[in-house]
Every structure is written in C-alpha cells, then in structure tokens.
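Colleague: Input file: coords.tsv. Contents: TSV, C-alpha atoms.
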chain	number	residue	atom	x	y	z
E	18	MET	CA	0.00	0.00	0.00
E	19	LYS	CA	2.99	2.28	0.56
E	20	LEU	CA	3.50	2.14	-3.17
E	21	ILE	CA	0.10	3.53	-4.15
E	22	LYS	CA	1.19	7.11	-3.56
E	23	TYR	CA	3.71	6.83	-6.38
E	24	THR	CA	0.82	6.74	-8.85
E	25	ILE	CA	0.30	10.47	-8.23
E	26	PRO	CA	3.67	11.71	-9.54
E	27	GLY	CA	3.53	8.94	-12.17
E	28	VAL	CA	0.20	10.00	-13.65
E	29	LEU	CA	1.22	13.65	-13.43
E	30	PHE	CA	4.47	12.84	-15.26
E	31	GLY	CA	2.60	11.09	-18.09
E	32	VAL	CA	0.20	14.01	-18.42
E	33	ILE	CA	3.04	16.57	-18.44
E	34	MET	CA	5.06	14.60	-21.00
E	35	THR	CA	2.00	14.54	-23.25
E	36	LYS	CA	0.68	18.07	-22.80
E	37	SER	CA	4.18	19.55	-23.12
E	38	GLU	CA	4.55	17.52	-26.34
E	39	ALA	CA	7.90	16.21	-25.04
E	40	VAL	CA	6.68	12.72	-26.03
E	41	SER	CA	6.74	13.78	-29.65
E	42	TRP	CA	9.34	12.42	-32.05
E	43	PHE	CA	8.93	15.72	-33.93
E	44	ARG	CA	9.83	17.83	-30.89
E	45	ILE	CA	13.07	15.88	-30.43
E	46	GLN	CA	14.01	16.41	-34.07
E	47	GLU	CA	13.18	20.11	-33.73
E	48	MET	CA	15.29	20.36	-30.58
E	49	PHE	CA	18.37	18.76	-32.13
E	50	ARG	CA	17.96	20.99	-35.19
E	51	PHE	CA	17.82	24.07	-32.92
E	52	GLU	CA	14.62	25.20	-34.61
E	53	SER	CA	12.59	25.92	-31.49
E	54	PHE	CA	13.16	26.94	-27.91
E	55	HIS	CA	10.36	24.68	-26.65
E	56	MET	CA	12.32	21.64	-25.39
E	57	TYR	CA	15.13	23.83	-24.04
E	58	GLY	CA	12.47	25.81	-22.22
E	59	ILE	CA	11.05	22.70	-20.56
E	60	ILE	CA	14.44	21.30	-19.51
E	61	GLY	CA	15.79	24.76	-18.62
E	62	THR	CA	12.82	25.65	-16.40
E	63	ALA	CA	13.04	22.24	-14.73
E	64	VAL	CA	16.75	22.69	-14.03
E	65	ILE	CA	16.39	26.25	-12.67
E	66	PHE	CA	13.52	25.37	-10.33
E	67	GLY	CA	15.19	22.03	-9.64
E	68	LEU	CA	18.33	23.85	-8.46
E	69	MET	CA	16.24	25.93	-6.06
E	70	LEU	CA	14.37	22.87	-4.81
E	71	THR	CA	17.52	20.80	-4.35
E	72	SER	CA	19.38	23.54	-2.46
E	73	MET	CA	16.34	24.19	-0.27
E	74	LEU	CA	15.94	20.49	0.58
E	75	LYS	CA	19.64	20.25	1.47
E	76	TYR	CA	19.80	23.53	3.40
E	77	LYS	CA	16.69	22.82	5.46
E	78	LYS	CA	17.64	19.15	5.82
E	79	VAL	CA	14.13	18.13	4.77
E	80	LYS	CA	13.06	14.60	5.69
E	81	ASN	CA	11.11	12.23	3.44
E	82	LEU	CA	7.90	10.54	4.57
E	83	GLU	CA	9.93	7.64	5.94
E	84	GLY	CA	11.62	10.03	8.36
E	85	ASN	CA	15.05	9.96	6.72
E	86	GLN	CA	16.80	13.05	5.51
E	87	ILE	CA	16.55	13.40	1.73
E	88	GLU	CA	19.95	12.52	0.30
E	89	PHE	CA	21.55	13.27	-3.01
E	90	LYS	CA	24.12	10.58	-3.63
E	91	PRO	CA	27.00	12.01	-5.67
E	92	LYS	CA	27.75	10.10	-8.87
E	93	ASN	CA	31.14	8.39	-9.15
E	94	LYS	CA	33.83	10.67	-10.50
E	95	SER	CA	34.66	9.57	-13.98
E	96	PHE	CA	34.70	10.92	-17.49
E	97	ALA	CA	34.62	8.09	-20.02
E	98	ARG	CA	31.42	6.41	-18.93
E	99	TYR	CA	29.40	9.61	-18.91
E	100	LEU	CA	30.64	10.84	-22.25
E	101	ILE	CA	30.56	7.50	-24.11
E	102	GLY	CA	27.38	6.25	-22.45
E	103	GLY	CA	25.75	9.65	-22.89
E	104	THR	CA	26.65	9.76	-26.58
E	105	ILE	CA	25.22	6.29	-27.20
E	106	PHE	CA	22.07	7.35	-25.36
E	107	GLY	CA	21.82	10.52	-27.48
E	108	LEU	CA	22.11	8.50	-30.70
E	109	GLY	CA	19.20	6.35	-29.57
E	110	TRP	CA	17.20	9.31	-28.31
E	111	ALA	CA	17.31	11.06	-31.69
E	112	MET	CA	16.74	7.78	-33.56
E	113	THR	CA	13.54	6.86	-31.72
E	114	GLY	CA	12.47	10.33	-30.59
E	115	ALA	CA	11.90	8.90	-27.13
E	116	CYS	CA	13.84	8.71	-23.89
E	117	PRO	CA	12.72	6.22	-21.22
E	118	GLY	CA	9.94	8.33	-19.63
E	119	PRO	CA	8.16	9.24	-22.89
E	120	MET	CA	8.52	5.63	-24.10
E	121	PHE	CA	6.18	4.45	-21.37
E	122	THR	CA	3.89	7.45	-21.77
E	123	LEU	CA	3.42	6.62	-25.46
E	124	VAL	CA	2.11	3.16	-24.53
E	125	GLY	CA	-0.80	5.03	-22.91
E	126	HIS	CA	-1.39	6.81	-26.21
E	127	GLY	CA	-1.87	3.46	-27.90
E	128	VAL	CA	1.34	3.72	-29.96
E	129	TRP	CA	1.95	-0.03	-29.78
E	130	SER	CA	5.10	0.05	-31.89
E	131	ILE	CA	6.82	1.80	-28.98
E	132	LEU	CA	6.75	-1.59	-27.22
E	133	ILE	CA	9.46	-2.67	-29.69
E	134	VAL	CA	11.54	0.29	-28.47
E	135	ILE	CA	10.94	-0.55	-24.80
E	136	PHE	CA	11.81	-4.22	-25.37
E	137	SER	CA	15.00	-3.22	-27.23
E	138	ALA	CA	15.90	-0.81	-24.43
E	139	VAL	CA	15.57	-3.62	-21.88
E	140	VAL	CA	17.81	-5.79	-24.10
E	141	GLY	CA	20.31	-2.92	-24.35
E	142	THR	CA	20.35	-2.56	-20.58
E	143	TYR	CA	20.86	-6.31	-20.23
E	144	ILE	CA	23.78	-6.35	-22.66
E	145	TYR	CA	25.36	-3.44	-20.78
E	146	GLY	CA	25.06	-5.40	-17.53
E	147	ALA	CA	26.58	-8.44	-19.18
E	148	ILE	CA	29.66	-6.71	-20.64
E	149	ARG	CA	30.16	-3.78	-18.29
E	150	ASP	CA	33.37	-5.20	-16.78
E	151	ARG	CA	34.99	-4.99	-20.19
E	152	LEU	CA	33.96	-1.37	-20.85
E	153	PRO	CA	35.94	1.75	-19.87
E	154	HIS	CA	34.24	3.48	-16.95
W	13	MET	CA	-11.13	24.09	-16.64
W	14	ILE	CA	-10.88	20.90	-18.75
W	15	GLU	CA	-10.80	23.06	-21.85
W	16	PHE	CA	-8.00	25.14	-20.36
W	17	LEU	CA	-5.95	22.06	-19.43
W	18	SER	CA	-6.55	20.50	-22.83
W	19	GLN	CA	-4.51	23.09	-24.73
W	20	PRO	CA	-0.84	22.25	-25.22
W	21	TRP	CA	1.01	23.38	-22.10
W	22	HIS	CA	3.54	26.18	-22.13
W	23	TRP	CA	7.12	25.00	-21.64
W	24	SER	CA	7.48	26.89	-18.36
W	25	ILE	CA	4.42	25.19	-16.84
W	26	SER	CA	5.71	21.83	-18.04
W	27	GLY	CA	9.18	22.43	-16.58
W	28	LEU	CA	7.71	23.54	-13.28
W	29	GLY	CA	5.46	20.46	-13.27
W	30	LEU	CA	8.49	18.21	-13.68
W	31	VAL	CA	10.03	19.78	-10.57
W	32	LEU	CA	6.80	19.04	-8.69
W	33	VAL	CA	7.08	15.41	-9.84
W	34	MET	CA	10.70	15.34	-8.65
W	35	TYR	CA	9.73	16.85	-5.30
W	36	MET	CA	6.99	14.26	-4.72
W	37	LEU	CA	9.34	11.40	-5.58
W	38	LEU	CA	12.02	12.69	-3.19
W	39	LYS	CA	9.48	13.36	-0.46
W	40	PHE	CA	8.07	9.85	-0.80
W	41	GLY	CA	11.55	8.36	-0.40
W	42	GLY	CA	12.43	7.78	-4.04
W	43	ASN	CA	14.20	9.84	-6.68
W	44	PHE	CA	13.55	11.02	-10.24
W	45	GLY	CA	15.12	8.66	-12.78
W	46	ALA	CA	13.13	6.74	-15.38
W	47	SER	CA	15.83	4.55	-16.93
W	48	SER	CA	16.57	2.60	-13.71
W	49	ASN	CA	13.31	0.79	-14.40
W	50	LEU	CA	14.89	-0.91	-17.40
W	51	ARG	CA	17.48	-2.44	-15.07
W	52	THR	CA	14.74	-3.48	-12.66
W	53	LEU	CA	12.86	-5.20	-15.50
W	54	CYS	CA	16.03	-7.20	-16.26
W	55	ALA	CA	16.30	-8.17	-12.58
W	56	ILE	CA	12.65	-9.29	-12.51
W	57	GLY	CA	13.33	-11.40	-15.60
W	58	GLY	CA	16.02	-13.30	-13.66
W	59	ALA	CA	19.12	-11.59	-15.10
W	60	GLY	CA	20.64	-11.48	-11.60
W	61	LYS	CA	21.42	-15.19	-11.77
W	62	LYS	CA	23.83	-14.63	-14.63
W	63	HIS	CA	25.15	-11.12	-14.09
W	64	GLY	CA	25.92	-9.46	-10.78
W	65	PHE	CA	24.80	-6.07	-12.10
W	66	PHE	CA	21.21	-7.30	-11.90
W	67	ASN	CA	21.61	-9.19	-8.65
W	68	PHE	CA	19.67	-6.91	-6.30
W	69	ASN	CA	16.31	-7.09	-4.61
W	70	TRP	CA	14.08	-5.59	-7.27
W	71	LYS	CA	11.30	-5.10	-4.72
W	72	ASP	CA	13.30	-2.15	-3.36
W	73	GLN	CA	12.75	-0.52	-6.75
W	74	ALA	CA	9.05	-1.40	-7.00
W	75	TRP	CA	8.11	2.22	-6.22
W	76	ASN	CA	9.86	3.33	-9.41
W	77	LEU	CA	7.97	0.73	-11.46
W	78	VAL	CA	4.71	1.98	-9.97
W	79	PHE	CA	5.80	5.48	-10.99
W	80	ILE	CA	6.65	4.62	-14.59
W	81	LEU	CA	3.62	2.35	-15.10
W	82	SER	CA	1.45	5.20	-13.83
W	83	ALA	CA	3.00	7.38	-16.54
W	84	ILE	CA	1.25	5.04	-19.01
W	85	ILE	CA	-2.04	5.88	-17.30
W	86	GLY	CA	-1.08	9.56	-17.38
W	87	GLY	CA	-0.50	9.33	-21.12
W	88	TYR	CA	-3.86	7.61	-21.52
W	89	ILE	CA	-5.67	10.25	-19.48
W	90	ALA	CA	-3.97	13.10	-21.32
W	91	VAL	CA	-4.96	11.90	-24.80
W	92	ASN	CA	-8.46	10.72	-23.88
W	93	TYR	CA	-9.66	13.24	-21.32
W	94	LEU	CA	-7.48	16.28	-22.01
W	95	PRO	CA	-7.06	15.95	-25.78
W	96	SER	CA	-5.46	18.79	-27.73
W	97	SER	CA	-7.54	19.86	-30.70
W	98	GLU	CA	-4.41	20.08	-32.82
W	99	PRO	CA	-1.43	17.77	-33.40
W	100	VAL	CA	2.11	18.64	-32.26
W	101	GLN	CA	3.00	22.19	-33.28
W	102	ILE	CA	6.55	22.17	-34.54
W	103	SER	CA	8.32	24.95	-36.38
W	104	SER	CA	7.75	25.19	-40.11
W	105	SER	CA	11.47	24.81	-40.84
W	106	THR	CA	11.53	21.42	-39.08
W	107	LYS	CA	8.33	20.45	-40.94
W	108	LEU	CA	9.84	21.31	-44.31
W	109	HIS	CA	13.10	19.55	-43.55
W	110	LEU	CA	11.32	16.36	-42.49
W	111	MET	CA	9.05	16.51	-45.53
W	112	SER	CA	12.15	16.49	-47.74
W	113	LEU	CA	13.08	13.22	-46.03
W	114	GLY	CA	9.64	11.71	-46.59
W	115	ILE	CA	8.27	12.31	-43.09
W	116	ASN	CA	5.04	14.30	-42.95
W	117	SER	CA	3.97	16.15	-39.85
W	118	PRO	CA	0.49	15.15	-38.71
W	119	SER	CA	-2.19	17.55	-39.86
W	120	THR	CA	-4.86	16.19	-37.49
W	121	ILE	CA	-4.67	14.87	-33.94
W	122	GLN	CA	-5.68	11.39	-35.18
W	123	GLU	CA	-2.85	11.15	-37.68
W	124	GLY	CA	0.13	9.35	-36.11
W	125	PHE	CA	-1.64	9.82	-32.78
W	126	GLY	CA	-0.86	13.51	-33.20
W	127	TYR	CA	2.69	13.16	-31.86
W	128	VAL	CA	4.65	10.58	-33.84
W	129	PRO	CA	5.31	10.16	-37.58
W	130	ARG	CA	2.90	7.60	-39.01
W	131	GLU	CA	5.55	6.69	-41.61
W	132	ILE	CA	7.59	5.15	-38.79
W	133	PHE	CA	5.28	4.22	-35.93
W	134	CYS	CA	1.93	3.21	-37.41
W	135	SER	CA	1.33	-0.51	-37.41
W	136	GLU	CA	1.05	-0.89	-41.18
W	137	ASN	CA	4.54	0.64	-41.62
W	138	VAL	CA	6.34	-0.62	-38.57
W	139	PHE	CA	7.65	-3.87	-40.03
W	140	ASN	CA	9.52	-2.41	-42.97
W	141	PRO	CA	13.31	-2.82	-42.63
W	142	LEU	CA	14.10	0.84	-41.97
W	143	ASN	CA	11.51	1.29	-39.25
W	144	LEU	CA	12.43	-1.93	-37.50
W	145	THR	CA	16.06	-0.80	-37.60
W	146	LEU	CA	15.22	2.60	-36.14
W	147	LEU	CA	13.07	1.19	-33.35
W	148	THR	CA	15.26	-1.76	-32.34
W	149	PHE	CA	18.70	-0.12	-32.70
W	150	GLY	CA	17.43	3.14	-31.27
W	151	GLY	CA	15.81	1.45	-28.31
W	152	PHE	CA	18.91	-0.66	-27.77
W	153	MET	CA	21.13	2.42	-27.66
W	154	VAL	CA	18.78	4.21	-25.26
W	155	GLY	CA	18.88	1.23	-22.88
W	156	PHE	CA	22.60	0.52	-23.23
W	157	GLY	CA	23.64	4.17	-23.16
W	158	SER	CA	21.49	5.24	-20.24
W	159	ARG	CA	22.83	2.47	-18.02
W	160	TYR	CA	26.41	3.03	-19.19
W	161	ALA	CA	26.04	6.74	-18.39
W	162	GLY	CA	24.14	5.94	-15.18
W	163	GLY	CA	20.99	7.85	-16.06
W	164	CYS	CA	18.84	9.41	-18.76
W	165	THR	CA	17.17	12.77	-19.30
W	166	SER	CA	15.35	12.68	-15.96
W	167	GLY	CA	18.24	11.34	-13.87
W	168	HIS	CA	21.08	13.36	-15.40
W	169	ALA	CA	19.65	16.36	-17.25
W	170	ILE	CA	17.08	17.26	-14.58
W	171	SER	CA	17.97	15.61	-11.24
W	172	GLY	CA	21.73	15.68	-11.81
W	173	LEU	CA	22.09	19.22	-13.15
W	174	SER	CA	19.77	20.42	-10.35
W	175	ASN	CA	22.37	19.09	-7.94
W	176	PHE	CA	25.39	20.70	-9.73
W	177	GLN	CA	26.78	17.26	-10.56
W	178	ILE	CA	29.71	17.43	-12.97
W	179	PRO	CA	29.18	13.80	-14.12
W	180	SER	CA	25.64	14.72	-15.16
W	181	LEU	CA	26.91	17.69	-17.12
W	182	ILE	CA	29.33	15.40	-19.00
W	183	ALA	CA	26.48	12.96	-19.64
W	184	VAL	CA	24.23	15.74	-20.98
W	185	VAL	CA	27.04	16.88	-23.30
W	186	GLY	CA	27.13	13.26	-24.50
W	187	PHE	CA	23.34	13.19	-24.97
W	188	PHE	CA	23.62	16.19	-27.28
W	189	LEU	CA	26.70	14.95	-29.07
W	190	GLY	CA	24.91	11.69	-29.91
W	191	GLY	CA	21.63	13.43	-30.70
W	192	LEU	CA	23.30	15.90	-33.07
W	193	ILE	CA	25.27	13.19	-34.88
W	194	MET	CA	22.07	11.17	-35.36
W	195	THR	CA	19.87	14.11	-36.37
W	196	TRP	CA	22.29	15.81	-38.74
W	197	MET	CA	24.40	12.99	-40.13
W	198	ILE	CA	22.85	9.55	-39.76
W	199	LEU	CA	19.05	9.80	-39.74
W	200	PRO	CA	18.69	11.89	-42.95
W	201	ARG	CA	20.93	9.47	-44.84
W	202	LEU	CA	19.01	6.45	-43.54
W	203	LEU	CA	15.64	7.96	-44.44
W	204	ILE	CA	16.76	8.92	-47.94
W	205	TYR	CA	18.66	5.69	-48.64
W	206	PHE	CA	15.75	3.46	-47.62
W	207	SER	CA	13.11	5.52	-49.39
W	208	ILE	CA	14.58	4.74	-52.82
Kindly return the structure encoded in the file as structure tokens.
Modeller:
Amino acid sequence: MKLIKYTIPGVLFGVIMTKSEAVSWFRIQEMFRFESFHMYGIIGTAVIFGLMLTSMLKYKKVKNLEGNQIEFKPKNKSFARYLIGGTIFGLGWAMTGACPGPMFTLVGHGVWSILIVIFSAVVGTYIYGAIRDRLPH
Amino acid sequence: MIEFLSQPWHWSISGLGLVLVMYMLLKFGGNFGASSNLRTLCAIGGAGKKHGFFNFNWKDQAWNLVFILSAIIGGYIAVNYLPSSEPVQISSSTKLHLMSLGINSPSTIQEGFGYVPREIFCSENVFNPLNLTLLTFGGFMVGFGSRYAGGCTSGHAISGLSNFQIPSLIAVVGFFLGGLIMTWMILPRLLIYFSI
C-alpha cells in the first residue's frame, strides 16, 4: 500500500510529457535541429527550479515521509562512462524520438510500436550489464 | 477548466510540473530517474542469476515501477480526457526539412496519434526494414547508453544538473553529441537511402 502514492507523480508525469509535447518524435528532431526553444524551455525551467528545490531540501535538511533526511548521492567521479554512455544514449534518443519516460507514456497513447523500443531498451540494458566489466568506466 | 488544461502546455508550466514530480518522488523516499526501471525489469526477468549487475532485490525498486507504469495511465488520461484539438505544433522549418526526407507532420490529432510520424510508428509501416532498424537499434542504444552513463534525461539532465553534478553535465554533453550526430548525419541518410 505504501506504493500507491507513487501513482500520483507517475500519472502527473505522463500528463506533463503529453501536454508539453515532449513525447513527440517531432519535438526531439526540432530540438536537435535548434529550430525551437520549446524543449530547451522545458528542460531549462526544470533545471532552474530544480536547483532551487535541491538547495532548499539540502539547506533545510528536509526529511522524506519515511523520516530519513533526503539525500543526493553524488555520482562516481569519472569521465569516459558519462561521455561514451551519454553519446550512445543521445544517438538512440534522436533515432527513436523517445527517452525512457516518454517511451512508457506513449504506450498510454496506444502507440503499440513503442513496445518494440521498450523491449529493445531492456535488451540494451541487459547487454550493458553483461559486458560492463569490459567497458571503460 | 478541462478546456484550459486540454490546450498544449507552455514550456514553463511543463518544466515547473516536472520539478513538482521530482519533489513528490524525493518526499516519498524515491528519486527522479526513469531509466533505472529498465534495469529493474532485467532483474525481474532473472538476469541477476547470470550477471551481478542485476543481482539486487528488485522489490526495493518497485516504487519506481509503480511510478513509470502510472506514466502510461497519465498518457492515456492526457490523450483521452485532455485531448489537444491540434497535433504537435513544430516549427515550419523542421516540418519542411522532415518533408524532404519523406516524413510528414500530422495535420490532425488522429494522424500518427498527433505526436509521432505515421511513416515510422503506425502498425502498417512498422515492419519495414528501416523502421524496424530505427526502433530496435534506437531502443537498444537508449537502454545501453542510459545504463552506461548511469541515467537518462530525468536522472542526469534534470535531477543531476539540479544538484550541480559534474558527471551529469558530462552525460548531458554526450546526450547532445549523440543526438546531433544522429539528427544531422545519420538519420537523414538512412531515411533517404531506404526511401529509394
């Protein structure tokens, strides 16, 4: 039952992704062609308000509902994994017009072909897990 | 009210809404990162028996699955109860460019579900070699790349940059590097080559 509350941000997220048109393959193309401010506006606003939220939560040592202080675990210091992994992600993002959040949202639109993308993304994650010891990190 | 909410939302409202989503997730004891769910799905499928990377108690991540599965419901609600009267409104220069590659922007909200190109995503076209390549390779790279980089747009671009994380900044530079290479160099060639 503790999990039920997560439906609220989840549904809201799906609605925002749709109404902001961030789920759209066309918007991603437009963004990477620098032909509209729209996607930069969404991400930019989220980062600016996100910065304020994050600093406020840290400064005031806000606790979550479980009574623990909200923590922001720093990512491991590295360069290669973020640049190489990020670039591979970007190639896929522009190819499918969908990052992981919008992928799931599009299922709700009835775009069944996106299930092929989700399945392939799970396979990609699996292959990463299988060969990660051999990759530069 | 419904009519007001049914219009496409301004980018600033959407960005602010995403911060509200992030706040709720943090407050509930989680965090904002969609791609971790792909790893959890591997763990549920039993991948932990073969590879240590998936050997964790997936039930600890069940909250995130509830979150992302609810996004499906959110998408359903948005298109059925808050439908825009018009399809995605992209700039005319993008429209013209895509038209030259054989991709038409939807002119009605029904066409390509209003948001995706029917030439690629609609069921009667999806099994041609180009589209299958785009969807499977593209999906594969999203899954592989997001785990390699340790996050996707939500985890790095929004959560990570909001926390002044240098690794996230590097990852976002990578996202754009890959996105620009695909958009400007690879995708146009693929679309033209396969259309002949």
Colleague: Chain E residues within 6 Å of chain W, counting all atoms listed in the file: which ones, as a VMD selection string?
Modeller: chain E and resid 20 23 to 24 26 to 28 30 to 33 36 to 37 41 to 42 47 49 55 58 to 59 62 to 64 67 to 68 81 to 82 98 to 100 102 to 109 111 to 113 117 to 118 121 to 122 124 to 126 130 134 137 to 139 141 to 142 145 to 147
Colleague: To test the calculation: enclose all listed atoms of range 120-127 of chain E in a box whose edges run along x, y and z, add 4 Å on each side, then state centre and edge lengths in Å to one decimal, as JSON.
Modeller:
{"center_x": 3.3, "center_y": 5.3, "center_z": -24.6, "size_x": 18.4, "size_y": 12.3, "size_z": 14.5}
Colleague: Identify which of the residues E:Gly61, E:Pro91, E:Gly84, E:Gly114 lies closest to Phe43 in chain E, counting all atoms listed in the file when measuring atom-to-atom distances.
Modeller: E:Gly114
Colleague: Just add N, CA and C atoms to range 45-61 of chain E and send it as a PDB file, in the frame of the given file.
Modeller:
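File written: result.pdb
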ATOM      1  N   ILE E  45      11.667  16.242 -30.643  1.00  0.00           N
ATOM      2  CA  ILE E  45      13.070  15.880 -30.430  1.00  0.00           C
ATOM      3  C   ILE E  45      13.897  16.257 -31.656  1.00  0.00           C
ATOM      4  N   GLN E  46      13.329  16.003 -32.841  1.00  0.00           N
ATOM      5  CA  GLN E  46      14.010  16.410 -34.070  1.00  0.00           C
ATOM      6  C   GLN E  46      14.208  17.931 -34.091  1.00  0.00           C
ATOM      7  N   GLU E  47      13.146  18.645 -33.735  1.00  0.00           N
ATOM      8  CA  GLU E  47      13.180  20.110 -33.730  1.00  0.00           C
ATOM      9  C   GLU E  47      14.235  20.620 -32.749  1.00  0.00           C
ATOM     10  N   MET E  48      14.314  19.965 -31.596  1.00  0.00           N
ATOM     11  CA  MET E  48      15.290  20.360 -30.580  1.00  0.00           C
ATOM     12  C   MET E  48      16.722  20.189 -31.107  1.00  0.00           C
ATOM     13  N   PHE E  49      17.010  19.010 -31.656  1.00  0.00           N
ATOM     14  CA  PHE E  49      18.370  18.760 -32.130  1.00  0.00           C
ATOM     15  C   PHE E  49      18.711  19.570 -33.382  1.00  0.00           C
ATOM     16  N   ARG E  50      17.695  20.102 -34.052  1.00  0.00           N
ATOM     17  CA  ARG E  50      17.960  20.990 -35.190  1.00  0.00           C
ATOM     18  C   ARG E  50      17.964  22.456 -34.761  1.00  0.00           C
ATOM     19  N   PHE E  51      17.820  22.708 -33.484  1.00  0.00           N
ATOM     20  CA  PHE E  51      17.820  24.070 -32.920  1.00  0.00           C
ATOM     21  C   PHE E  51      16.784  24.964 -33.594  1.00  0.00           C
ATOM     22  N   GLU E  52      15.625  24.412 -33.902  1.00  0.00           N
ATOM     23  CA  GLU E  52      14.620  25.200 -34.610  1.00  0.00           C
ATOM     24  C   GLU E  52      13.484  25.672 -33.719  1.00  0.00           C
ATOM     25  N   SER E  53      13.583  25.398 -32.431  1.00  0.00           N
ATOM     26  CA  SER E  53      12.590  25.920 -31.490  1.00  0.00           C
ATOM     27  C   SER E  53      13.191  25.933 -30.098  1.00  0.00           C
ATOM     28  N   PHE E  54      12.683  26.840 -29.280  1.00  0.00           N
ATOM     29  CA  PHE E  54      13.160  26.940 -27.910  1.00  0.00           C
ATOM     30  C   PHE E  54      12.413  25.980 -26.988  1.00  0.00           C
ATOM     31  N   HIS E  55      11.311  25.416 -27.488  1.00  0.00           N
ATOM     32  CA  HIS E  55      10.360  24.680 -26.650  1.00  0.00           C
ATOM     33  C   HIS E  55      10.999  23.656 -25.692  1.00  0.00           C
ATOM     34  N   MET E  56      11.735  22.691 -26.240  1.00  0.00           N
ATOM     35  CA  MET E  56      12.320  21.640 -25.390  1.00  0.00           C
ATOM     36  C   MET E  56      13.367  22.211 -24.434  1.00  0.00           C
ATOM     37  N   TYR E  57      14.140  23.193 -24.919  1.00  0.00           N
ATOM     38  CA  TYR E  57      15.130  23.830 -24.040  1.00  0.00           C
ATOM     39  C   TYR E  57      14.431  24.566 -22.914  1.00  0.00           C
ATOM     40  N   GLY E  58      13.261  25.126 -23.238  1.00  0.00           N
ATOM     41  CA  GLY E  58      12.470  25.810 -22.220  1.00  0.00           C
ATOM     42  C   GLY E  58      12.013  24.856 -21.137  1.00  0.00           C
ATOM     43  N   ILE E  59      11.527  23.691 -21.535  1.00  0.00           N
ATOM     44  CA  ILE E  59      11.050  22.700 -20.560  1.00  0.00           C
ATOM     45  C   ILE E  59      12.214  22.263 -19.656  1.00  0.00           C
ATOM     46  N   ILE E  60      13.311  21.821 -20.292  1.00  0.00           N
ATOM     47  CA  ILE E  60      14.440  21.300 -19.510  1.00  0.00           C
ATOM     48  C   ILE E  60      15.062  22.430 -18.694  1.00  0.00           C
ATOM     49  N   GLY E  61      15.191  23.612 -19.306  1.00  0.00           N
ATOM     50  CA  GLY E  61      15.790  24.760 -18.620  1.00  0.00           C
ATOM     51  C   GLY E  61      14.992  25.173 -17.385  1.00  0.00           C
TER      52      GLY E  61
END
